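Data file: entry_16.pdb. Format and content: PDB, C-alpha atoms, pLDDT in the B column.
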ATOM      1  CA  MET A   1      23.238   4.535 -40.591  1.00 96.00           C
ATOM      2  CA  THR A   2      24.244   7.452 -38.394  1.00 98.00           C
ATOM      3  CA  TYR A   3      21.896   9.219 -36.003  1.00 98.00           C
ATOM      4  CA  THR A   4      21.946  12.201 -38.382  1.00 98.00           C
ATOM      5  CA  GLN A   5      20.718  10.057 -41.285  1.00 98.00           C
ATOM      6  CA  ILE A   6      18.064   8.186 -39.305  1.00 98.00           C
ATOM      7  CA  ALA A   7      16.715  11.382 -37.730  1.00 98.00           C
ATOM      8  CA  LEU A   8      16.296  13.109 -41.100  1.00 98.00           C
ATOM      9  CA  LEU A   9      14.757   9.987 -42.629  1.00 98.00           C
ATOM     10  CA  ALA A  10      12.357   9.600 -39.701  1.00 98.00           C
ATOM     11  CA  ALA A  11      11.201  13.205 -40.037  1.00 98.00           C
ATOM     12  CA  LEU A  12      10.531  12.645 -43.758  1.00 98.00           C
ATOM     13  CA  ILE A  13       8.648   9.397 -43.050  1.00 98.00           C
ATOM     14  CA  MET A  14       6.430  11.083 -40.450  1.00 98.00           C
ATOM     15  CA  ILE A  15       5.744  13.984 -42.839  1.00 98.00           C
ATOM     16  CA  ALA A  16       4.686  11.437 -45.490  1.00 98.00           C
ATOM     17  CA  ALA A  17       2.587   9.614 -42.894  1.00 98.00           C
ATOM     18  CA  ASP A  18       0.772  12.831 -42.038  1.00 98.00           C
ATOM     19  CA  ILE A  19       0.114  13.931 -45.605  1.00 98.00           C
ATOM     20  CA  TYR A  20      -0.201  10.722 -47.647  1.00 98.00           C
ATOM     21  CA  VAL A  21      -0.744   7.724 -45.363  1.00 98.00           C
ATOM     22  CA  PHE A  22      -3.124   8.905 -42.637  1.00 98.00           C
ATOM     23  CA  LYS A  23      -4.124  12.071 -44.521  1.00 98.00           C
ATOM     24  CA  THR A  24      -4.433  13.976 -41.242  1.00 98.00           C
ATOM     25  CA  LYS A  25      -2.549  16.928 -42.797  1.00 98.00           C
ATOM     26  CA  LEU A  26      -1.676  18.428 -39.433  1.00 98.00           C
ATOM     27  CA  LEU A  27       1.319  20.100 -41.071  1.00 98.00           C
ATOM     28  CA  PHE A  28      -1.133  22.438 -42.797  1.00 98.00           C
ATOM     29  CA  ARG A  29      -2.884  23.451 -39.579  1.00 98.00           C
ATOM     30  CA  ARG A  30      -1.927  26.257 -37.207  1.00 97.00           C
ATOM     31  CA  VAL A  31      -3.084  24.212 -34.204  1.00 98.00           C
ATOM     32  CA  PHE A  32      -0.201  21.833 -34.935  1.00 98.00           C
ATOM     33  CA  TRP A  33       2.466  24.506 -35.371  1.00 98.00           C
ATOM     34  CA  ILE A  34       1.454  26.481 -32.279  1.00 98.00           C
ATOM     35  CA  SER A  35       1.388  23.352 -30.100  1.00 98.00           C
ATOM     36  CA  TYR A  36       4.641  22.114 -31.628  1.00 98.00           C
ATOM     37  CA  SER A  37       6.344  25.456 -30.834  1.00 98.00           C
ATOM     38  CA  ILE A  38       5.297  25.068 -27.209  1.00 98.00           C
ATOM     39  CA  VAL A  39       6.505  21.460 -27.133  1.00 98.00           C
ATOM     40  CA  VAL A  40       9.850  22.232 -28.775  1.00 98.00           C
ATOM     41  CA  PHE A  41      10.532  24.979 -26.214  1.00 98.00           C
ATOM     42  CA  PHE A  42      10.052  22.517 -23.367  1.00 98.00           C
ATOM     43  CA  GLN A  43      12.024  19.894 -25.274  1.00 98.00           C
ATOM     44  CA  LEU A  44      15.004  22.260 -25.251  1.00 98.00           C
ATOM     45  CA  VAL A  45      14.616  22.645 -21.485  1.00 98.00           C
ATOM     46  CA  THR A  46      14.124  18.993 -20.517  1.00 98.00           C
ATOM     47  CA  ASN A  47      16.468  17.562 -23.127  1.00 98.00           C
ATOM     48  CA  GLY A  48      18.980  20.204 -22.039  1.00 98.00           C
ATOM     49  CA  ILE A  49      18.860  18.661 -18.569  1.00 98.00           C
ATOM     50  CA  LEU A  50      19.265  15.106 -19.910  1.00 98.00           C
ATOM     51  CA  THR A  51      22.219  16.012 -22.125  1.00 98.00           C
ATOM     52  CA  GLY A  52      23.750  18.886 -20.118  1.00 97.00           C
ATOM     53  CA  PHE A  53      24.144  16.717 -17.024  1.00 97.00           C
ATOM     54  CA  GLY A  54      25.373  13.848 -19.179  1.00 97.00           C
ATOM     55  CA  ILE A  55      22.486  11.545 -18.264  1.00 97.00           C
ATOM     56  CA  VAL A  56      22.437  10.671 -21.980  1.00 98.00           C
ATOM     57  CA  LYS A  57      25.696  10.745 -23.945  1.00 98.00           C
ATOM     58  CA  TYR A  58      26.295  10.611 -27.706  1.00 98.00           C
ATOM     59  CA  ASP A  59      28.931   9.102 -29.967  1.00 98.00           C
ATOM     60  CA  GLY A  60      30.640  11.649 -32.223  1.00 98.00           C
ATOM     61  CA  ALA A  61      30.705   9.098 -35.054  1.00 98.00           C
ATOM     62  CA  ALA A  62      26.889   9.112 -35.199  1.00 98.00           C
ATOM     63  CA  ILE A  63      26.195  12.863 -34.957  1.00 98.00           C
ATOM     64  CA  ILE A  64      27.367  16.110 -36.590  1.00 98.00           C
ATOM     65  CA  GLY A  65      29.058  17.214 -33.340  1.00 97.00           C
ATOM     66  CA  SER A  66      31.647  15.464 -31.207  1.00 97.00           C
ATOM     67  CA  THR A  67      31.341  12.721 -28.603  1.00 97.00           C
ATOM     68  CA  SER A  68      29.863  13.819 -25.258  1.00 97.00           C
ATOM     69  CA  PRO A  69      32.557  14.226 -22.596  1.00 96.00           C
ATOM     70  CA  GLN A  70      32.730  11.495 -19.932  1.00 95.00           C
ATOM     71  CA  GLU A  71      32.547  14.141 -17.186  1.00 94.00           C
ATOM     72  CA  GLY A  72      31.082  17.633 -17.379  1.00 94.00           C
ATOM     73  CA  SER A  73      28.815  19.216 -19.983  1.00 96.00           C
ATOM     74  CA  PRO A  74      29.076  19.215 -23.766  1.00 97.00           C
ATOM     75  CA  PRO A  75      28.911  22.693 -25.402  1.00 97.00           C
ATOM     76  CA  MET A  76      25.604  24.481 -24.805  1.00 97.00           C
ATOM     77  CA  LEU A  77      25.691  25.903 -28.329  1.00 98.00           C
ATOM     78  CA  GLY A  78      27.893  25.039 -31.291  1.00 97.00           C
ATOM     79  CA  ASP A  79      29.673  21.850 -32.356  1.00 97.00           C
ATOM     80  CA  GLY A  80      26.366  20.573 -33.699  1.00 98.00           C
ATOM     81  CA  ARG A  81      24.543  21.184 -30.413  1.00 98.00           C
ATOM     82  CA  ILE A  82      21.654  23.349 -29.261  1.00 98.00           C
ATOM     83  CA  MET A  83      20.990  23.557 -25.516  1.00 98.00           C
ATOM     84  CA  PHE A  84      23.600  20.796 -24.920  1.00 98.00           C
ATOM     85  CA  ALA A  85      21.714  18.339 -27.161  1.00 98.00           C
ATOM     86  CA  PRO A  86      22.715  17.243 -30.679  1.00 98.00           C
ATOM     87  CA  VAL A  87      20.679  19.077 -33.354  1.00 98.00           C
ATOM     88  CA  GLU A  88      19.597  15.603 -34.451  1.00 98.00           C
ATOM     89  CA  ASP A  89      17.409  15.504 -31.337  1.00 98.00           C
ATOM     90  CA  LEU A  90      15.219  18.222 -32.853  1.00 98.00           C
ATOM     91  CA  PHE A  91      14.393  15.903 -35.764  1.00 98.00           C
ATOM     92  CA  PHE A  92      13.921  13.003 -33.334  1.00 98.00           C
ATOM     93  CA  GLY A  93      11.523  15.105 -31.276  1.00 98.00           C
ATOM     94  CA  PHE A  94       9.694  16.398 -34.334  1.00 98.00           C
ATOM     95  CA  SER A  95       9.185  12.809 -35.539  1.00 98.00           C
ATOM     96  CA  LEU A  96       8.001  11.639 -32.115  1.00 98.00           C
ATOM     97  CA  VAL A  97       5.529  14.488 -31.681  1.00 98.00           C
ATOM     98  CA  LEU A  98       4.237  14.401 -35.261  1.00 98.00           C
ATOM     99  CA  LEU A  99       3.651  10.624 -35.252  1.00 98.00           C
ATOM    100  CA  THR A 100       1.893  10.905 -31.894  1.00 98.00           C
ATOM    101  CA  LEU A 101      -0.442  13.692 -33.004  1.00 98.00           C
ATOM    102  CA  VAL A 102      -1.111  12.078 -36.395  1.00 98.00           C
ATOM    103  CA  LEU A 103      -2.233   8.866 -34.677  1.00 98.00           C
ATOM    104  CA  TRP A 104      -4.247  10.750 -32.067  1.00 98.00           C
ATOM    105  CA  VAL A 105      -6.133  12.787 -34.679  1.00 98.00           C
ATOM    106  CA  TRP A 106      -6.489   9.823 -37.049  1.00 98.00           C
ATOM    107  CA  LEU A 107      -8.095   7.750 -34.273  1.00 98.00           C
ATOM    108  CA  GLY A 108     -10.450  10.642 -33.585  1.00 98.00           C
ATOM    109  CA  ARG A 109     -11.341  10.809 -37.282  1.00 97.00           C
ATOM    110  CA  THR A 110     -12.222   7.118 -37.269  1.00 96.00           C
ATOM    111  CA  GLY A 111     -14.588   7.887 -34.407  1.00 95.00           C
ATOM    112  CA  ILE A 112     -12.613   6.501 -31.469  1.00 97.00           C
ATOM    113  CA  GLN A 113     -13.340   8.731 -28.479  1.00 97.00           C
ATOM    114  CA  ARG A 114     -13.796  11.830 -30.593  1.00 95.00           C
ATOM    115  CA  ASN A 115     -15.827  12.984 -27.594  1.00 94.00           C
ATOM    116  CA  PRO A 116     -15.624  14.438 -25.047  1.00 96.00           C
ATOM    117  CA  ARG A 117     -13.845  17.196 -26.929  1.00 95.00           C
ATOM    118  CA  SER A 118     -11.327  19.458 -25.242  1.00 96.00           C
ATOM    119  CA  GLY A 119     -12.337  22.795 -23.759  1.00 93.00           C
ATOM    120  CA  PRO A 120     -13.571  25.254 -22.956  1.00 96.00           C
ATOM    121  CA  PRO A 121     -10.915  26.452 -20.496  1.00 96.00           C
ATOM    122  CA  ARG A 122     -12.079  27.204 -16.951  1.00 97.00           C
ATOM    123  CA  LYS A 123     -13.012  30.830 -16.255  1.00 95.00           C
ATOM    124  CA  SER A 124     -10.096  31.177 -13.838  1.00 95.00           C
ATOM    125  CA  VAL A 125      -7.530  30.894 -16.660  1.00 95.00           C
ATOM    126  CA  HIS A 126      -9.358  32.953 -19.315  1.00 95.00           C
ATOM    127  CA  LYS A 127      -7.349  36.064 -18.535  1.00 94.00           C
ATOM    128  CA  ILE A 128      -3.852  34.548 -18.691  1.00 92.00           C
ATOM    129  CA  LEU A 129      -4.761  32.578 -21.839  1.00 92.00           C
ATOM    130  CA  ARG A 130      -6.456  35.617 -23.386  1.00 91.00           C
ATOM    131  CA  VAL A 131      -9.493  33.521 -24.253  1.00 86.00           C
ATOM    132  CA  LYS A 132     -11.919  35.565 -26.329  1.00 77.00           C
TER     133      LYS A 132
ATOM    134  CA  MET B   1      21.694  13.612  -9.008  1.00 69.00           C
ATOM    135  CA  SER B   2      21.030   9.946  -8.558  1.00 93.00           C
ATOM    136  CA  GLN B   3      19.709   6.879 -10.280  1.00 96.00           C
ATOM    137  CA  PHE B   4      16.372   8.679 -10.328  1.00 97.00           C
ATOM    138  CA  ALA B   5      17.676  11.678 -12.308  1.00 98.00           C
ATOM    139  CA  TYR B   6      16.200  10.576 -15.645  1.00 98.00           C
ATOM    140  CA  LEU B   7      12.930   9.542 -14.012  1.00 98.00           C
ATOM    141  CA  SER B   8      12.718  12.908 -12.237  1.00 98.00           C
ATOM    142  CA  VAL B   9      12.838  14.728 -15.572  1.00 98.00           C
ATOM    143  CA  LEU B  10       9.937  12.571 -16.802  1.00 98.00           C
ATOM    144  CA  ALA B  11       8.014  13.183 -13.587  1.00 98.00           C
ATOM    145  CA  GLY B  12       8.603  16.910 -14.096  1.00 98.00           C
ATOM    146  CA  CYS B  13       7.063  16.648 -17.566  1.00 98.00           C
ATOM    147  CA  LEU B  14       3.948  14.935 -16.211  1.00 98.00           C
ATOM    148  CA  VAL B  15       3.572  17.365 -13.309  1.00 98.00           C
ATOM    149  CA  GLY B  16       4.245  20.370 -15.541  1.00 98.00           C
ATOM    150  CA  THR B  17       1.477  19.432 -17.979  1.00 98.00           C
ATOM    151  CA  SER B  18      -1.029  18.060 -15.467  1.00 97.00           C
ATOM    152  CA  TRP B  19      -2.789  21.404 -14.875  1.00 97.00           C
ATOM    153  CA  LEU B  20      -3.902  21.447 -18.542  1.00 98.00           C
ATOM    154  CA  GLU B  21      -6.278  18.528 -18.011  1.00 98.00           C
ATOM    155  CA  PHE B  22      -8.068  20.425 -15.238  1.00 98.00           C
ATOM    156  CA  PHE B  23      -7.840  24.111 -16.176  1.00 98.00           C
ATOM    157  CA  LEU B  24      -8.102  23.751 -19.959  1.00 98.00           C
ATOM    158  CA  ARG B  25     -10.319  20.682 -19.830  1.00 98.00           C
ATOM    159  CA  THR B  26      -8.108  18.891 -22.383  1.00 98.00           C
ATOM    160  CA  ARG B  27      -9.840  15.568 -21.573  1.00 98.00           C
ATOM    161  CA  VAL B  28      -6.823  13.571 -22.719  1.00 98.00           C
ATOM    162  CA  TYR B  29      -6.499  11.225 -19.730  1.00 98.00           C
ATOM    163  CA  GLN B  30     -10.289  10.977 -19.811  1.00 98.00           C
ATOM    164  CA  ARG B  31     -10.101   9.531 -23.345  1.00 98.00           C
ATOM    165  CA  THR B  32      -8.006   6.621 -22.119  1.00 98.00           C
ATOM    166  CA  ILE B  33      -8.650   4.162 -24.945  1.00 98.00           C
ATOM    167  CA  ARG B  34      -7.710   6.691 -27.620  1.00 98.00           C
ATOM    168  CA  LEU B  35      -4.623   7.674 -25.617  1.00 98.00           C
ATOM    169  CA  VAL B  36      -3.454   4.070 -25.193  1.00 98.00           C
ATOM    170  CA  LEU B  37      -4.107   3.254 -28.861  1.00 98.00           C
ATOM    171  CA  THR B  38      -2.000   6.277 -29.828  1.00 98.00           C
ATOM    172  CA  ILE B  39       0.892   5.412 -27.540  1.00 98.00           C
ATOM    173  CA  ILE B  40       1.258   1.720 -28.469  1.00 98.00           C
ATOM    174  CA  PRO B  41       2.440   2.230 -32.091  1.00 98.00           C
ATOM    175  CA  VAL B  42       4.642   5.167 -31.048  1.00 98.00           C
ATOM    176  CA  LEU B  43       6.214   3.012 -28.343  1.00 98.00           C
ATOM    177  CA  ILE B  44       6.879   0.185 -30.808  1.00 98.00           C
ATOM    178  CA  VAL B  45       8.387   2.394 -33.539  1.00 98.00           C
ATOM    179  CA  PHE B  46      10.607   4.396 -31.218  1.00 98.00           C
ATOM    180  CA  SER B  47      11.714   1.363 -29.199  1.00 98.00           C
ATOM    181  CA  ILE B  48      12.976  -0.218 -32.415  1.00 98.00           C
ATOM    182  CA  TRP B  49      14.872   2.978 -33.219  1.00 98.00           C
ATOM    183  CA  ASP B  50      16.179   3.140 -29.646  1.00 98.00           C
ATOM    184  CA  ALA B  51      17.283  -0.504 -29.677  1.00 98.00           C
ATOM    185  CA  TYR B  52      19.169   0.042 -32.946  1.00 98.00           C
ATOM    186  CA  ALA B  53      20.776   3.286 -31.720  1.00 98.00           C
ATOM    187  CA  ILE B  54      21.875   1.680 -28.449  1.00 98.00           C
ATOM    188  CA  ALA B  55      23.232  -1.395 -30.267  1.00 98.00           C
ATOM    189  CA  GLN B  56      25.167   0.859 -32.672  1.00 98.00           C
ATOM    190  CA  GLY B  57      26.397   3.014 -29.804  1.00 98.00           C
ATOM    191  CA  HIS B  58      24.744   6.201 -31.120  1.00 98.00           C
ATOM    192  CA  TRP B  59      23.871   7.075 -27.539  1.00 98.00           C
ATOM    193  CA  ASN B  60      24.317   5.590 -24.098  1.00 98.00           C
ATOM    194  CA  PHE B  61      23.157   6.290 -20.576  1.00 98.00           C
ATOM    195  CA  ASP B  62      25.264   7.186 -17.562  1.00 97.00           C
ATOM    196  CA  SER B  63      24.580   4.304 -15.187  1.00 96.00           C
ATOM    197  CA  ARG B  64      24.689   6.727 -12.230  1.00 97.00           C
ATOM    198  CA  TYR B  65      21.568   8.535 -13.411  1.00 97.00           C
ATOM    199  CA  VAL B  66      19.227   5.787 -14.634  1.00 98.00           C
ATOM    200  CA  THR B  67      17.350   3.121 -12.695  1.00 97.00           C
ATOM    201  CA  GLY B  68      19.442   0.294 -14.118  1.00 97.00           C
ATOM    202  CA  VAL B  69      16.330  -1.672 -15.025  1.00 98.00           C
ATOM    203  CA  ILE B  70      16.616  -3.001 -18.592  1.00 98.00           C
ATOM    204  CA  VAL B  71      13.318  -3.782 -20.339  1.00 97.00           C
ATOM    205  CA  PHE B  72      14.591  -5.472 -23.528  1.00 95.00           C
ATOM    206  CA  ALA B  73      17.316  -5.024 -26.165  1.00 97.00           C
ATOM    207  CA  ASP B  74      19.399  -3.032 -23.663  1.00 97.00           C
ATOM    208  CA  ILE B  75      16.703  -0.333 -23.489  1.00 98.00           C
ATOM    209  CA  PRO B  76      16.500   1.154 -19.973  1.00 98.00           C
ATOM    210  CA  LEU B  77      13.096   1.393 -18.303  1.00 98.00           C
ATOM    211  CA  ASP B  78      13.655   5.159 -18.208  1.00 98.00           C
ATOM    212  CA  GLU B  79      13.634   5.283 -22.028  1.00 98.00           C
ATOM    213  CA  ILE B  80      10.474   3.196 -22.340  1.00 98.00           C
ATOM    214  CA  LEU B  81       8.740   5.587 -19.957  1.00 98.00           C
ATOM    215  CA  PHE B  82      10.050   8.502 -22.048  1.00 98.00           C
ATOM    216  CA  PHE B  83       8.157   7.109 -25.063  1.00 98.00           C
ATOM    217  CA  ILE B  84       4.973   7.071 -22.983  1.00 98.00           C
ATOM    218  CA  VAL B  85       5.366  10.378 -21.115  1.00 98.00           C
ATOM    219  CA  ILE B  86       6.391  12.587 -24.055  1.00 98.00           C
ATOM    220  CA  PRO B  87       3.448  11.549 -26.269  1.00 98.00           C
ATOM    221  CA  ILE B  88       1.085  12.285 -23.358  1.00 98.00           C
ATOM    222  CA  CYS B  89       2.653  15.749 -22.927  1.00 98.00           C
ATOM    223  CA  ALA B  90       2.466  16.402 -26.684  1.00 98.00           C
ATOM    224  CA  ILE B  91      -1.231  15.477 -26.854  1.00 98.00           C
ATOM    225  CA  LEU B  92      -1.985  17.558 -23.744  1.00 98.00           C
ATOM    226  CA  SER B  93      -0.268  20.581 -25.343  1.00 98.00           C
ATOM    227  CA  PHE B  94      -2.138  20.020 -28.600  1.00 98.00           C
ATOM    228  CA  GLU B  95      -5.531  19.701 -26.923  1.00 98.00           C
ATOM    229  CA  ALA B  96      -4.719  22.675 -24.679  1.00 98.00           C
ATOM    230  CA  VAL B  97      -4.128  24.890 -27.730  1.00 98.00           C
ATOM    231  CA  ARG B  98      -7.397  23.635 -29.227  1.00 97.00           C
ATOM    232  CA  SER B  99      -9.196  24.329 -26.008  1.00 97.00           C
ATOM    233  CA  ALA B 100      -7.800  27.850 -25.641  1.00 97.00           C
ATOM    234  CA  ARG B 101      -8.239  28.879 -29.280  1.00 96.00           C
ATOM    235  CA  ASN B 102     -11.069  26.637 -30.509  1.00 95.00           C
ATOM    236  CA  TRP B 103      -9.094  25.728 -33.643  1.00 96.00           C
ATOM    237  CA  ASP B 104     -10.020  22.691 -35.747  1.00 95.00           C
ATOM    238  CA  ALA B 105      -7.681  19.719 -36.134  1.00 97.00           C
ATOM    239  CA  GLY B 106      -9.778  17.711 -38.579  1.00 96.00           C
ATOM    240  CA  ASP B 107     -11.269  15.141 -36.202  1.00 96.00           C
ATOM    241  CA  GLU B 108     -14.349  17.117 -35.190  1.00 93.00           C
ATOM    242  CA  GLY B 109     -16.766  15.132 -37.358  1.00 85.00           C
ATOM    243  CA  ASN B 110     -20.224  16.522 -38.082  1.00 72.00           C
ATOM    244  CA  GLN B 111     -20.932  19.182 -35.516  1.00 59.00           C
TER     245      GLN B 111
END

Once more with this new file: its structure as structure tokens, please.
Amino acid sequence: MTYTQIALLAALIMIAADIYVFKTKLLFRRVFWISYSIVVFFQLVTNGILTGFGIVKYDGAAIIGSTSPQEGSPPMLGDGRIMFAPVEDLFFGFSLVLLTLVLWVWLGRTGIQRNPRSGPPRKSVHKILRVK
Amino acid sequence: MSQFAYLSVLAGCLVGTSWLEFFLRTRVYQRTIRLVLTIIPVLIVFSIWDAYAIAQGHWNFDSRYVTGVIVFADIPLDEILFFIVIPICAILSFEAVRSARNWDAGDEGNQ
């Protein structure tokens, strides 16, 4: 299987895990989507460093785009890439984050260290976080 | 840029999220058992994927920018640490949003 195929399959498996296997149903909660948006922004930054500097390189036969150049950066945008990284990485990241949060919440549901719960934020950050 | 390039990115992720535990009282590191039990299956699943992808040549690592330490199945230490660091950052972000907005995630139990 190519990276494209595995990444799409993994995303589907993790979606099924969330809804049908662990029944955490995070995909129906805004807390998941807001935290995932924050994570995906920083994924684009950090993964952009890993791929833009060629720390990690990809084979064109496994992805939609072409093989990473031996020296220099791949395209920042286009040729199947977003912020230097193959678009497949977005599905990889989605799968990694979703599985992680599903397991974390599922463990909490079973009663494993449900407490101490998170929050409330310290007074000093209330203003920048617009805590009501 | 050096053999610590990959590790530096991971260190940046840990440093960049560390303030959440203190200022938003995410209590993620504090719930160590739950954190470890979450990471273990993630580490196993994604290491299998990584091992397959490396064996198939889907991706490879520039030897100038990784430690050169191989853990197993040609997986660099840097990658193994990635599968520990990123889940920690994801949970910290998740618990930070909960802390700041007081939104339910379904594991609150009877309050």

Inset, instruction - Figure out the distance between CA of Phe53 in chain A and CA of Gln5 in chain A, please, to one decimal in Å. - result: 25.4 Å

Legend entry - Ground truth for the PyMOL selection byres ((chain B and resi 105) around 8), written as a ChimeraX atom specification: /A:26,29,31-32,105 /B:98,103-104,106-108

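Here CA of Ala90 in chain B and CA of Ser35 in chain A stand 7.8 Å from one another.
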
Inset, instruction - Output the residue selection produced by the PyMOL selection byres ((chain A) within 8 of (chain B)) on the file above, formatted as number ranges by chain. - result: A: 2-3, 24, 26, 29, 31-32, 34-36, 38-39, 46, 49-50, 54-59, 61-63, 96-97, 99-101, 103-109, 112-122, 124-125, 129, 131

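Computed from the coordinates, the CA of Leu90 in chain A to CA of Gly68 in chain B distance equals 26.3 Å.
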
Given 8 Å of margin on each side, can you work out the centre and size in Å (one decimal) of an axis-aligned box holding every listed atom of range 80-95 of chain A, as JSON?
{"center_x": 17.8, "center_y": 18.2, "center_z": -30.3, "size_x": 33.2, "size_y": 26.7, "size_z": 26.8}

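Here, the PyMOL selection byres ((chain A and resi 88) around 8) matches Tyr3, Thr4, Ala7, Leu8, Ile63, Pro86, Val87, Asp89, Leu90, Phe91 and Phe92 of chain A.
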
Legend entry - Who sits within 12 Å of Val69 in chain B, all atoms listed in the file, same chain under 3 positions skipped, as a list in words: Gln3, Phe4, Leu7, Phe61, Ser63, Tyr65, Val66, Phe72, Ala73, Asp74, Ile75, Pro76, Leu77, Asp78, Glu79, Ile80 and Leu81 of chain B

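Nearest-residue note for Gly78 in chain A: choosing from A:Ile64, A:Leu9, A:Leu98, A:Met1, the minimum distance belongs to A:Ile64, counting only C-alpha atoms.
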
Inset, instruction - Can you pull out every residue within 12 Å of Val21 in chain A, counting only C-alpha atoms, but drop anything in the same chain fewer than 4 positions away, and send it as a VMD selection string? - result: chain A and resid 13 to 17 25 99 102 to 103 106
